[in-house]
$ cat model-v5.txt   # compact mmCIF, C-alpha atoms
# COMPACT_ATOMS: atom_id res chain seq x y z
CA MET J 1 -19.10 74.37 -26.06
CA ALA J 2 -19.94 70.94 -27.36
CA ARG J 3 -17.48 71.47 -30.14
CA GLN J 4 -14.70 72.32 -27.71
CA LEU J 5 -15.44 69.22 -25.66
CA ASN J 6 -15.38 67.16 -28.78
CA ARG J 7 -11.96 68.53 -29.61
CA VAL J 8 -10.57 67.77 -26.16
CA VAL J 9 -11.84 64.21 -26.42
CA SER J 10 -10.31 63.66 -29.82
CA ILE J 11 -6.92 65.12 -28.75
CA THR J 12 -6.86 62.92 -25.66
CA GLY J 13 -7.74 59.95 -27.81
CA PHE J 14 -4.93 60.77 -30.18
CA VAL J 15 -2.41 61.11 -27.34
CA LEU J 16 -3.53 57.79 -25.91
CA LEU J 17 -3.10 56.22 -29.30
CA LEU J 18 0.42 57.59 -29.48
CA LEU J 19 1.15 56.12 -26.05
CA LEU J 20 0.25 52.73 -27.43
CA LEU J 21 3.18 53.05 -29.80
CA ILE J 22 5.74 53.31 -26.98
CA PRO J 23 6.33 49.55 -26.62
CA LEU J 24 7.24 49.40 -30.30
CA THR J 25 10.13 51.84 -30.00
CA GLY J 26 12.45 48.95 -29.26
CA TRP J 27 13.18 48.18 -25.69
CA SER J 28 13.30 44.61 -26.78
CA LYS J 29 16.59 43.00 -27.64
CA GLU J 30 17.41 39.86 -29.40
CA ALA J 31 17.61 37.02 -26.87
CA ILE J 32 21.17 36.28 -25.85
CA PRO J 33 21.99 32.76 -26.98
CA VAL J 34 22.31 30.44 -23.99
CA ALA J 35 25.31 28.80 -25.50
CA GLU J 36 27.37 29.21 -28.60
CA ASP J 37 27.18 25.55 -29.40
CA LEU J 38 24.32 23.42 -28.19
CA GLU J 39 26.23 20.15 -28.59
CA ILE J 40 29.08 21.37 -26.39
CA GLU J 41 26.62 22.70 -23.84
CA LYS J 42 24.80 19.38 -23.70
CA ARG J 43 27.99 17.42 -23.10
CA MET J 44 29.19 19.97 -20.56
CA LEU J 45 25.90 19.77 -18.64
CA ALA J 46 25.91 15.97 -18.67
CA LEU J 47 29.44 16.00 -17.25
CA THR J 48 28.89 18.68 -14.62
CA MET J 49 25.74 17.07 -13.25
CA ASP J 50 27.93 14.44 -11.59
CA LEU J 51 30.58 16.86 -10.39
CA ARG J 52 30.58 18.51 -6.99
CA CYS J 53 31.00 22.22 -6.61
CA LEU J 54 33.76 22.44 -4.00
CA VAL J 55 32.56 25.81 -2.74
CA CYS J 56 28.90 24.87 -2.23
CA GLN J 57 29.45 21.21 -1.57
CA ASN J 58 25.94 19.86 -1.88
CA GLU J 59 25.36 21.36 -5.28
CA PRO J 60 26.48 19.91 -8.60
CA ILE J 61 28.58 22.20 -10.76
CA SER J 62 25.82 22.21 -13.39
CA ASP J 63 23.39 23.93 -10.97
CA SER J 64 25.80 26.15 -9.14
CA ARG J 65 26.29 29.85 -9.77
CA ALA J 66 29.50 30.00 -7.74
CA GLU J 67 32.53 31.59 -9.33
CA PHE J 68 34.31 28.25 -8.99
CA SER J 69 31.63 26.43 -10.98
CA ASN J 70 31.66 29.12 -13.66
CA ASP J 71 35.39 28.57 -14.08
CA ILE J 72 35.07 24.79 -14.23
CA ARG J 73 32.26 25.03 -16.76
CA ARG J 74 34.36 27.35 -18.91
CA GLU J 75 37.33 25.00 -18.61
CA ILE J 76 35.21 21.99 -19.62
CA ARG J 77 33.76 23.87 -22.63
CA GLU J 78 37.28 24.71 -23.76
CA GLN J 79 38.41 21.14 -23.37
CA ILE J 80 35.42 19.82 -25.31
CA LYS J 81 36.29 22.28 -28.07
CA ALA J 82 39.83 20.91 -27.98
CA ASN J 83 38.37 17.45 -28.71
CA LYS J 84 39.10 15.91 -25.32
CA THR J 85 37.07 12.85 -24.36
CA ASP J 86 34.81 12.85 -21.30
CA GLU J 87 37.22 10.51 -19.51
CA GLU J 88 40.14 12.84 -20.15
CA ILE J 89 38.21 15.82 -18.81
CA ILE J 90 37.14 13.95 -15.66
CA GLN J 91 40.73 12.79 -15.13
CA PHE J 92 41.94 16.37 -15.57
CA LEU J 93 39.64 17.52 -12.77
CA VAL J 94 40.34 14.56 -10.47
CA ASP J 95 44.10 15.18 -10.84
CA ARG J 96 43.57 18.69 -9.52
CA TYR J 97 40.70 18.42 -7.06
CA GLY J 98 40.74 14.76 -6.05
CA ASP J 99 37.95 12.18 -5.96
CA PHE J 100 35.92 14.54 -3.81
CA ILE J 101 34.80 16.39 -6.93
CA LEU J 102 33.03 13.23 -8.13
CA TYR J 103 29.56 12.48 -6.80
CA ASN J 104 30.23 8.94 -7.91
CA PRO J 105 33.65 8.16 -6.44
CA PRO J 106 35.59 5.06 -7.57
CA VAL J 107 35.93 2.04 -5.27
CA LYS J 108 39.30 2.42 -3.55
CA SER J 109 40.82 1.58 -0.19
CA THR J 110 39.78 5.02 1.06
CA THR J 111 36.21 4.73 -0.19
CA VAL J 112 35.45 1.11 0.82
CA MET J 113 33.45 2.21 3.87
CA LEU J 114 31.53 4.71 1.78
CA TRP J 115 30.52 2.04 -0.72
CA PHE J 116 29.96 -0.96 1.53
CA GLY J 117 29.41 0.60 4.98
CA PRO J 118 25.61 0.77 4.59
CA ALA J 119 25.45 -2.85 3.37
CA ILE J 120 27.58 -3.99 6.32
CA LEU J 121 25.34 -2.11 8.76
CA PHE J 122 22.29 -3.66 7.11
CA VAL J 123 23.69 -7.19 7.47
CA ILE J 124 24.49 -6.52 11.16
CA ALA J 125 20.98 -5.18 11.77
CA LEU J 126 19.44 -8.15 9.93
CA GLY J 127 21.52 -10.58 12.02
CA ALA J 128 20.44 -8.87 15.23
CA LEU J 129 16.80 -9.07 14.14
CA ILE J 130 17.04 -12.79 13.34
CA VAL J 131 18.70 -13.58 16.67
CA HIS J 132 16.07 -11.55 18.48
CA LEU J 133 13.17 -13.31 16.74
CA LYS J 134 14.63 -16.77 17.37
CA ARG J 135 15.05 -16.00 21.05
CA ARG J 136 11.51 -14.81 21.29
CA ARG J 137 10.17 -17.99 19.71
CA VAL J 138 12.06 -20.08 22.24
CA GLN J 139 10.59 -17.97 25.04
CA ILE J 140 7.06 -18.42 23.68
CA GLU J 141 7.45 -22.19 23.33
CA ASP J 142 8.88 -22.42 26.81
CA ILE J 143 5.65 -21.35 28.40
CA SER J 144 3.72 -24.61 28.73
CA LEU J 145 1.19 -24.94 31.48
CA SER J 146 0.20 -27.96 33.46
CA GLN J 147 -3.41 -29.20 33.50
CA GLU J 148 -4.11 -27.72 36.92
CA GLN J 149 -2.71 -24.35 35.95
CA LEU J 150 -4.95 -24.32 32.89
CA GLU J 151 -8.01 -25.15 34.94
CA ALA J 152 -7.15 -22.45 37.45
CA ALA J 153 -6.78 -19.95 34.65
CA GLU J 154 -10.10 -20.96 33.15
CA ALA J 155 -11.81 -20.63 36.51
CA LEU J 156 -10.38 -17.13 36.90
CA LEU J 157 -11.60 -16.14 33.46
CA ASP J 158 -15.06 -17.52 34.15
CA GLU J 159 -15.27 -15.55 37.35
CA GLU J 160 -14.37 -12.40 35.52
CA LYS J 161 -17.05 -13.03 32.89
CA LYS J 162 -19.70 -13.54 35.53
CA GLY J 163 -18.59 -10.41 37.30
CA LYS J 164 -18.98 -8.43 34.11
CA ASN J 165 -22.44 -9.78 33.37
CA VAL J 166 -23.73 -8.60 36.71
CA MET F 1 20.60 -5.57 32.87
CA MET F 2 21.83 -6.30 29.33
CA ARG F 3 18.60 -4.97 27.85
CA TYR F 4 19.48 -1.55 29.21
CA LEU F 5 23.20 -1.70 28.53
CA ILE F 6 23.00 -2.60 24.83
CA PRO F 7 21.02 0.50 23.78
CA LEU F 8 23.29 2.59 25.98
CA PHE F 9 26.40 1.25 24.24
CA ALA F 10 24.81 1.68 20.84
CA PHE F 11 23.99 5.27 21.71
CA MET F 12 27.52 5.92 22.95
CA ILE F 13 29.06 4.58 19.72
CA LEU F 14 26.70 6.73 17.66
CA ALA F 15 27.45 9.77 19.82
CA ALA F 16 31.19 9.20 19.40
CA PHE F 17 30.84 9.12 15.61
CA LEU F 18 28.73 12.26 15.60
CA LEU F 19 31.16 14.04 17.90
CA VAL F 20 34.10 13.24 15.62
CA GLY F 21 31.97 14.29 12.65
CA LEU F 22 31.30 17.65 14.24
CA SER F 23 34.99 18.41 14.63
CA LEU F 24 35.82 17.56 11.02
CA ASN F 25 35.90 20.40 8.54
CA PRO F 26 34.23 19.49 5.24
CA ARG F 27 35.98 22.45 3.59
CA GLN F 28 39.35 20.76 4.07
CA VAL F 29 39.40 18.63 0.98
CA PRO F 30 42.68 16.73 0.80
CA SER F 31 44.59 17.83 -2.27
CA PRO F 32 45.74 15.11 -4.68
CA LEU F 33 48.68 17.37 -5.55
CA ILE F 34 50.60 16.75 -2.33
CA ASP F 35 53.96 15.11 -3.15
CA LYS F 36 53.37 15.76 -6.84
CA PRO F 37 55.30 18.25 -8.99
CA ALA F 38 53.89 21.75 -8.72
CA PRO F 39 52.08 22.67 -11.95
CA LYS F 40 54.28 24.85 -14.12
CA PHE F 41 53.28 28.37 -15.00
CA GLN F 42 54.53 31.39 -16.87
CA LEU F 43 52.69 34.48 -15.81
CA ASN F 44 53.04 38.24 -16.00
CA GLN F 45 54.27 39.95 -12.89
CA LEU F 46 51.92 42.22 -11.00
CA HIS F 47 54.34 45.08 -10.44
CA GLU F 48 55.97 44.91 -13.86
CA PRO F 49 53.39 43.41 -16.22
CA ASP F 50 55.90 43.27 -19.10
CA LYS F 51 58.02 40.80 -17.19
CA ILE F 52 57.15 37.13 -17.08
CA MET F 53 57.88 34.87 -14.16
CA SER F 54 58.28 31.15 -14.73
CA SER F 55 57.82 28.61 -11.96
CA ASP F 56 61.11 26.99 -13.06
CA GLU F 57 63.01 30.01 -11.72
CA ASN F 58 62.32 28.75 -8.20
CA LEU F 59 63.85 25.29 -8.69
CA GLY F 60 66.59 24.76 -6.15
CA LYS F 61 64.94 26.64 -3.31
CA VAL F 62 62.09 26.07 -0.92
CA TRP F 63 59.32 28.57 -1.52
CA MET F 64 55.76 29.35 -0.66
CA LEU F 65 53.01 30.14 -3.14
CA ASN F 66 50.20 32.15 -1.59
CA VAL F 67 46.99 32.54 -3.59
CA TRP F 68 45.43 35.89 -2.78
CA ALA F 69 43.07 38.53 -4.12
CA SER F 70 42.02 42.00 -3.08
CA TRP F 71 38.37 40.88 -3.03
CA CYS F 72 39.16 38.09 -0.59
CA VAL F 73 38.24 39.02 2.96
CA ALA F 74 40.00 36.12 4.66
CA CYS F 75 43.23 37.16 2.91
CA ARG F 76 43.25 40.24 5.13
CA ASP F 77 43.26 38.05 8.23
CA GLU F 78 46.35 36.14 7.24
CA HIS F 79 48.16 39.04 5.60
CA PRO F 80 49.94 40.47 8.69
CA LEU F 81 51.32 36.98 9.37
CA LEU F 82 52.68 36.71 5.84
CA VAL F 83 54.28 40.16 6.14
CA GLN F 84 55.91 39.05 9.37
CA LEU F 85 57.08 35.77 7.85
CA ALA F 86 58.56 37.60 4.87
CA LYS F 87 60.42 39.97 7.20
CA SER F 88 61.90 37.05 9.11
CA GLY F 89 63.50 35.89 5.87
CA ILE F 90 62.80 32.23 6.57
CA VAL F 91 61.25 31.57 3.19
CA PRO F 92 60.46 33.59 0.06
CA ILE F 93 56.72 33.98 -0.52
CA TYR F 94 55.35 34.30 -4.03
CA GLY F 95 51.88 35.67 -4.53
CA LEU F 96 49.43 34.36 -7.07
CA ASN F 97 47.05 37.25 -7.58
CA TYR F 98 43.93 35.24 -8.37
CA LYS F 99 41.16 36.68 -10.59
CA ASP F 100 41.79 40.24 -9.55
CA GLU F 101 42.05 43.73 -11.00
CA ARG F 102 45.61 44.92 -11.30
CA ASN F 103 44.99 48.40 -9.87
CA THR F 104 42.97 47.31 -6.86
CA ALA F 105 45.53 44.58 -6.20
CA LEU F 106 48.38 47.11 -6.21
CA GLN F 107 46.42 49.45 -3.91
CA TRP F 108 45.68 46.57 -1.59
CA LEU F 109 49.38 45.73 -1.30
CA LYS F 110 50.20 49.38 -0.65
CA ARG F 111 47.66 49.52 2.13
CA PHE F 112 48.34 46.20 3.88
CA GLY F 113 52.01 45.66 3.04
CA ASP F 114 53.68 43.54 0.39
CA PRO F 115 55.20 40.29 1.67
CA TYR F 116 55.74 38.84 -1.79
CA ALA F 117 59.10 38.41 -3.49
CA ILE F 118 57.10 38.53 -6.71
CA SER F 119 53.38 38.62 -7.33
CA ILE F 120 52.09 37.13 -10.54
CA ILE F 121 48.77 37.71 -12.26
CA ASP F 122 46.32 34.88 -12.82
CA SER F 123 43.47 36.99 -14.13
CA ASP F 124 41.30 34.21 -15.54
CA GLY F 125 42.09 31.66 -12.83
CA LYS F 126 43.63 29.11 -15.21
CA VAL F 127 46.71 28.49 -13.10
CA GLY F 128 44.36 28.42 -10.12
CA ILE F 129 42.56 25.42 -11.64
CA ASP F 130 45.91 23.71 -12.26
CA TYR F 131 46.71 24.10 -8.57
CA GLY F 132 43.25 22.94 -7.52
CA VAL F 133 42.36 26.27 -5.96
CA TYR F 134 38.76 26.56 -4.82
CA GLY F 135 38.84 28.75 -1.74
CA VAL F 136 41.14 31.73 -1.55
CA PRO F 137 43.43 32.11 0.35
CA GLU F 138 45.40 28.95 -0.19
CA THR F 139 49.08 28.45 0.47
CA TYR F 140 51.45 25.87 -0.94
CA VAL F 141 54.88 24.87 0.30
CA ILE F 142 57.08 23.76 -2.59
CA ASP F 143 60.45 22.10 -2.15
CA LYS F 144 63.76 22.46 -3.99
CA LYS F 145 62.78 19.93 -6.63
CA GLY F 146 59.55 21.75 -7.34
CA ILE F 147 57.33 19.30 -5.50
CA ILE F 148 54.32 20.42 -3.46
CA ARG F 149 54.81 19.34 0.14
CA HIS F 150 51.97 21.06 1.89
CA LYS F 151 48.76 22.85 1.13
CA GLN F 152 46.98 25.12 3.53
CA ILE F 153 43.35 25.75 2.61
CA GLY F 154 42.05 28.97 4.05
CA PRO F 155 44.09 31.58 5.91
CA VAL F 156 47.34 30.60 7.61
CA THR F 157 47.24 31.04 11.36
CA VAL F 158 49.92 31.47 14.02
CA ASP F 159 49.21 27.88 14.97
CA SER F 160 49.52 26.41 11.49
CA LEU F 161 52.69 28.41 10.85
CA GLU F 162 54.44 27.44 14.07
CA LYS F 163 53.31 23.84 14.23
CA THR F 164 53.34 22.77 10.59
CA ILE F 165 54.58 25.17 7.99
CA ILE F 166 57.78 26.60 9.46
CA PRO F 167 59.09 23.25 10.79
CA LEU F 168 58.36 21.69 7.41
CA ILE F 169 60.15 24.49 5.55
CA LYS F 170 63.22 24.16 7.80
CA GLU F 171 63.27 20.42 7.24
CA LEU F 172 62.95 20.84 3.47
CA GLN F 173 65.73 23.41 3.42
CA GLN F 174 68.08 20.84 4.97
CA GLN F 175 67.54 18.50 2.05
CA VAL F 176 69.85 18.75 -0.89
$ encode --input "model-v5.txt" --output "structure tokens"
Amino acid sequence: MARQLNRVVSITGFVLLLLLLIPLTGWSKEAIPVAEDLEIEKRMLALTMDLRCLVCQNEPISDSRAEFSNDIRREIREQIKANKTDEEIIQFLVDRYGDFILYNPPVKSTTVMLWFGPAILFVIALGALIVHLKRRRVQIEDISLSQEQLEAAEALLDEEKKGKNV
Amino acid sequence: MMRYLIPLFAFMILAAFLLVGLSLNPRQVPSPLIDKPAPKFQLNQLHEPDKIMSSDENLGKVWMLNVWASWCVACRDEHPLLVQLAKSGIVPIYGLNYKDERNTALQWLKRFGDPYAISIIDSDGKVGIDYGVYGVPETYVIDKKGIIRHKQIGPVTVDSLEKTIIPLIKELQQQV
């Protein structure tokens, strides 16, 4: 009886040991390289960080998984391989998609308000604040009381104090 | 009185800006290609893949280039209008089959009708990039000299056809 039990235990142990081998049978694969050429990928990423994905407009192309961004990334990789400079690549995209693709648009007649609008608003607000403060100072200085008025005010305050003490 | 009127005016100006902002469509990005020569292409035809169509073949006539794909849902909305326009014979429509599978594209045309004089295959979207395509469907009106005169982003509508596209095509056809 004890012998049989012993056997069962050892067979189970053996099977369990075999199970431990399963992970070794090779479900693992070699990691797919992120990019063929790290240098190209670095330049491509640096470029696409400042480019707008036109499909998902608040996302840079470098972060976007949209089909459009995939295509632009592929296009930029190809152009880098073809020894184009960064300026040439940016110009290529601007020619096709317009300044809108740039997160950092150039100063032009159409983008003047974009660049200087906030500064203009700030100057207006600052002017309004200064005018307001000056007016207030004039109002404060204007209030000068005569001797009698002061005495009357003091008398009123005294009365109040006495009233409180009671 | 002024103390109450100034904030009111400021609010009204702000409200006016916001109201205009609401009615603008951020998807309508103005194309820099308007009034510029249409990018040239040489692509295989969808129906006869051995044959190549070159954009130069269309010099001398006003034509429309419609970017479409069988996976594009909005293309279905505009498709009946394109079929109707093609039937009217006002303008030849060429189809740029954008990043599509040939078989599904052919089936799609069989099912919904084929308004295109010729459809060409842009399987990797390269010509699409040249034309600044980012949201299918897009439609270009190209004049006799091969210059892009109009770009419609998104599906064409009865309104856009009647008010903009057809009058423009008729005007362009008058030019030598």
$ atom_distance --input "model-v5.txt" --atom1 "CA of Pro115 (chain F)" --atom2 "CA of Leu59 (chain F)"
20.2 Å
$ interface_residues --input "model-v5.txt" --of "chain J" --to "chain F" --cutoff "9 Å" --atoms "all atoms listed in the file" --output "PyMOL selection string"
chain J and resi 54-55+57+68+71-72+75+92-100
$ residues_around --input "model-v5.txt" --residues "Asp159 (chain F)" --least-positions-apart "6" --cutoff "12 Å" --atoms "only C-alpha atoms" --output "list in words"
Glu78, Leu81, Gln152, Ile165, Ile166 and Pro167 of chain F
$ write_last_selection --input "model-v5.txt" --atoms "C-alpha atoms" --output "PDB file, in the frame of the given file"
ATOM      1  CA  GLU F  78      46.350  36.140   7.240  1.00  0.00           C
ATOM      2  CA  LEU F  81      51.320  36.980   9.370  1.00  0.00           C
ATOM      3  CA  GLN F 152      46.980  25.120   3.530  1.00  0.00           C
ATOM      4  CA  ILE F 165      54.580  25.170   7.990  1.00  0.00           C
ATOM      5  CA  ILE F 166      57.780  26.600   9.460  1.00  0.00           C
ATOM      6  CA  PRO F 167      59.090  23.250  10.790  1.00  0.00           C
TER       7      PRO F 167
END
$ residues_around --input "model-v5.txt" --residues "Trp115 (chain J)" --least-positions-apart "5" --cutoff "12 Å" --atoms "all atoms listed in the file" --output "list in words"
Asn104, Pro105, Pro106, Val107, Lys108, Ser109, Thr110, Ile120 and Leu121 of chain J
$ residues_around --input "model-v5.txt" --residues "Asn103 (chain F)" --least-positions-apart "3" --cutoff "12 Å" --atoms "all atoms listed in the file" --output "list in words"
Leu46, His47, Pro49, Ala69, Ser70, Asn97, Asp100, Leu106, Gln107, Trp108, Leu109, Lys110 and Ile121 of chain F
$ closest_residue --input "model-v5.txt" --among "F:Leu22, F:Val141, F:Leu96, F:Leu82" --to "Asp122 (chain F)" --atoms "all atoms listed in the file"
F:Leu96
$ atom_distance --input "model-v5.txt" --atom1 "CA of Glu162 (chain F)" --atom2 "CA of Val20 (chain F)"
24.9 Å
$ atom_distance --input "model-v5.txt" --atom1 "CA of Asp143 (chain F)" --atom2 "CA of Ala117 (chain F)"
16.4 Å
$ decode --input "model-v5.txt" --residues "region 4-101 of chain J" --atoms "C-alpha atoms" --output "short mmCIF file (atom, residue, chain, number, x, y, z; two decimals), in the first residue's frame"
data_model
loop_
_atom_site.label_atom_id
_atom_site.label_comp_id
_atom_site.auth_asym_id
_atom_site.auth_seq_id
_atom_site.Cartn_x
_atom_site.Cartn_y
_atom_site.Cartn_z
CA GLN J 4 1.87 2.11 -4.28
CA LEU J 5 1.39 5.53 -2.74
CA ASN J 6 5.06 6.18 -3.07
CA ARG J 7 4.87 5.34 -6.75
CA VAL J 8 1.92 7.66 -7.35
CA VAL J 9 3.78 10.48 -5.65
CA SER J 10 6.92 9.96 -7.67
CA ILE J 11 4.98 9.78 -10.99
CA THR J 12 3.10 12.97 -10.16
CA GLY J 13 6.37 14.61 -9.27
CA PHE J 14 7.86 13.54 -12.55
CA VAL J 15 4.89 14.87 -14.53
CA LEU J 16 5.10 18.17 -12.70
CA LEU J 17 8.77 18.34 -13.50
CA LEU J 18 7.98 17.77 -17.16
CA LEU J 19 5.42 20.58 -17.02
CA LEU J 20 8.19 22.90 -15.91
CA LEU J 21 9.87 22.30 -19.24
CA ILE J 22 6.95 23.70 -21.25
CA PRO J 23 8.12 27.33 -21.22
CA LEU J 24 11.41 26.22 -22.75
CA THR J 25 9.81 24.75 -25.86
CA GLY J 26 10.10 28.11 -27.56
CA TRP J 27 7.12 30.35 -27.50
CA SER J 28 9.58 33.15 -27.30
CA LYS J 29 10.68 34.94 -30.42
CA GLU J 30 13.48 37.24 -31.08
CA ALA J 31 12.37 40.81 -30.40
CA ILE J 32 11.37 42.62 -33.56
CA PRO J 33 13.77 45.50 -34.06
CA VAL J 34 12.00 48.82 -33.48
CA ALA J 35 13.73 50.33 -36.43
CA GLU J 36 16.14 49.18 -39.06
CA ASP J 37 18.41 52.10 -38.50
CA LEU J 38 18.51 53.90 -35.18
CA GLU J 39 20.03 57.07 -36.64
CA ILE J 40 17.24 57.43 -39.19
CA GLU J 41 14.64 56.71 -36.52
CA LYS J 42 16.10 59.37 -34.24
CA ARG J 43 16.03 62.03 -36.95
CA MET J 44 12.55 60.98 -38.02
CA LEU J 45 11.25 61.22 -34.43
CA ALA J 46 12.86 64.63 -33.90
CA LEU J 47 11.19 65.88 -37.07
CA THR J 48 7.76 64.39 -36.45
CA MET J 49 7.54 65.72 -32.90
CA ASP J 50 6.90 69.18 -34.34
CA LEU J 51 4.51 68.03 -37.05
CA ARG J 52 0.76 67.88 -36.67
CA CYS J 53 -1.18 64.78 -37.55
CA LEU J 54 -3.92 66.17 -39.78
CA VAL J 55 -6.34 63.39 -38.87
CA CYS J 56 -6.00 63.68 -35.09
CA GLN J 57 -5.14 67.33 -34.97
CA ASN J 58 -3.91 67.69 -31.41
CA GLU J 59 -1.41 64.90 -31.70
CA PRO J 60 2.07 65.14 -33.18
CA ILE J 61 2.84 62.67 -35.95
CA SER J 62 5.50 61.06 -33.75
CA ASP J 63 2.86 59.97 -31.20
CA SER J 64 0.03 59.19 -33.53
CA ARG J 65 -1.00 55.72 -34.66
CA ALA J 66 -3.24 57.05 -37.42
CA GLU J 67 -2.80 55.63 -40.90
CA PHE J 68 -1.91 59.13 -42.07
CA SER J 69 0.94 59.43 -39.58
CA ASN J 70 2.24 55.98 -40.49
CA ASP J 71 2.44 57.09 -44.11
CA ILE J 72 4.19 60.34 -43.28
CA ARG J 73 6.68 58.56 -41.04
CA ARG J 74 7.42 56.08 -43.82
CA GLU J 75 7.81 58.92 -46.30
CA ILE J 76 10.20 60.78 -43.99
CA ARG J 77 12.29 57.62 -43.41
CA GLU J 78 12.58 57.16 -47.16
CA GLN J 79 13.60 60.75 -47.67
CA ILE J 80 16.22 60.56 -44.92
CA LYS J 81 17.60 57.46 -46.63
CA ALA J 82 17.70 59.45 -49.86
CA ASN J 83 19.96 61.97 -48.07
CA LYS J 84 17.47 64.83 -47.94
CA THR J 85 18.09 67.52 -45.34
CA ASP J 86 15.58 68.25 -42.58
CA GLU J 87 14.68 71.54 -44.26
CA GLU J 88 13.97 69.81 -47.55
CA ILE J 89 11.73 67.26 -45.86
CA ILE J 90 9.78 69.94 -43.97
CA GLN J 91 9.40 71.94 -47.19
CA PHE J 92 8.17 68.80 -48.98
CA LEU J 93 5.41 68.39 -46.39
CA VAL J 94 4.50 72.08 -46.22
CA ASP J 95 4.17 72.17 -50.04
CA ARG J 96 1.57 69.43 -49.78
CA TYR J 97 -0.23 70.03 -46.50
CA GLY J 98 0.39 73.72 -45.82
CA ASP J 99 1.68 75.49 -42.72
CA PHE J 100 -1.03 73.78 -40.70
CA ILE J 101 1.13 70.68 -40.45
#
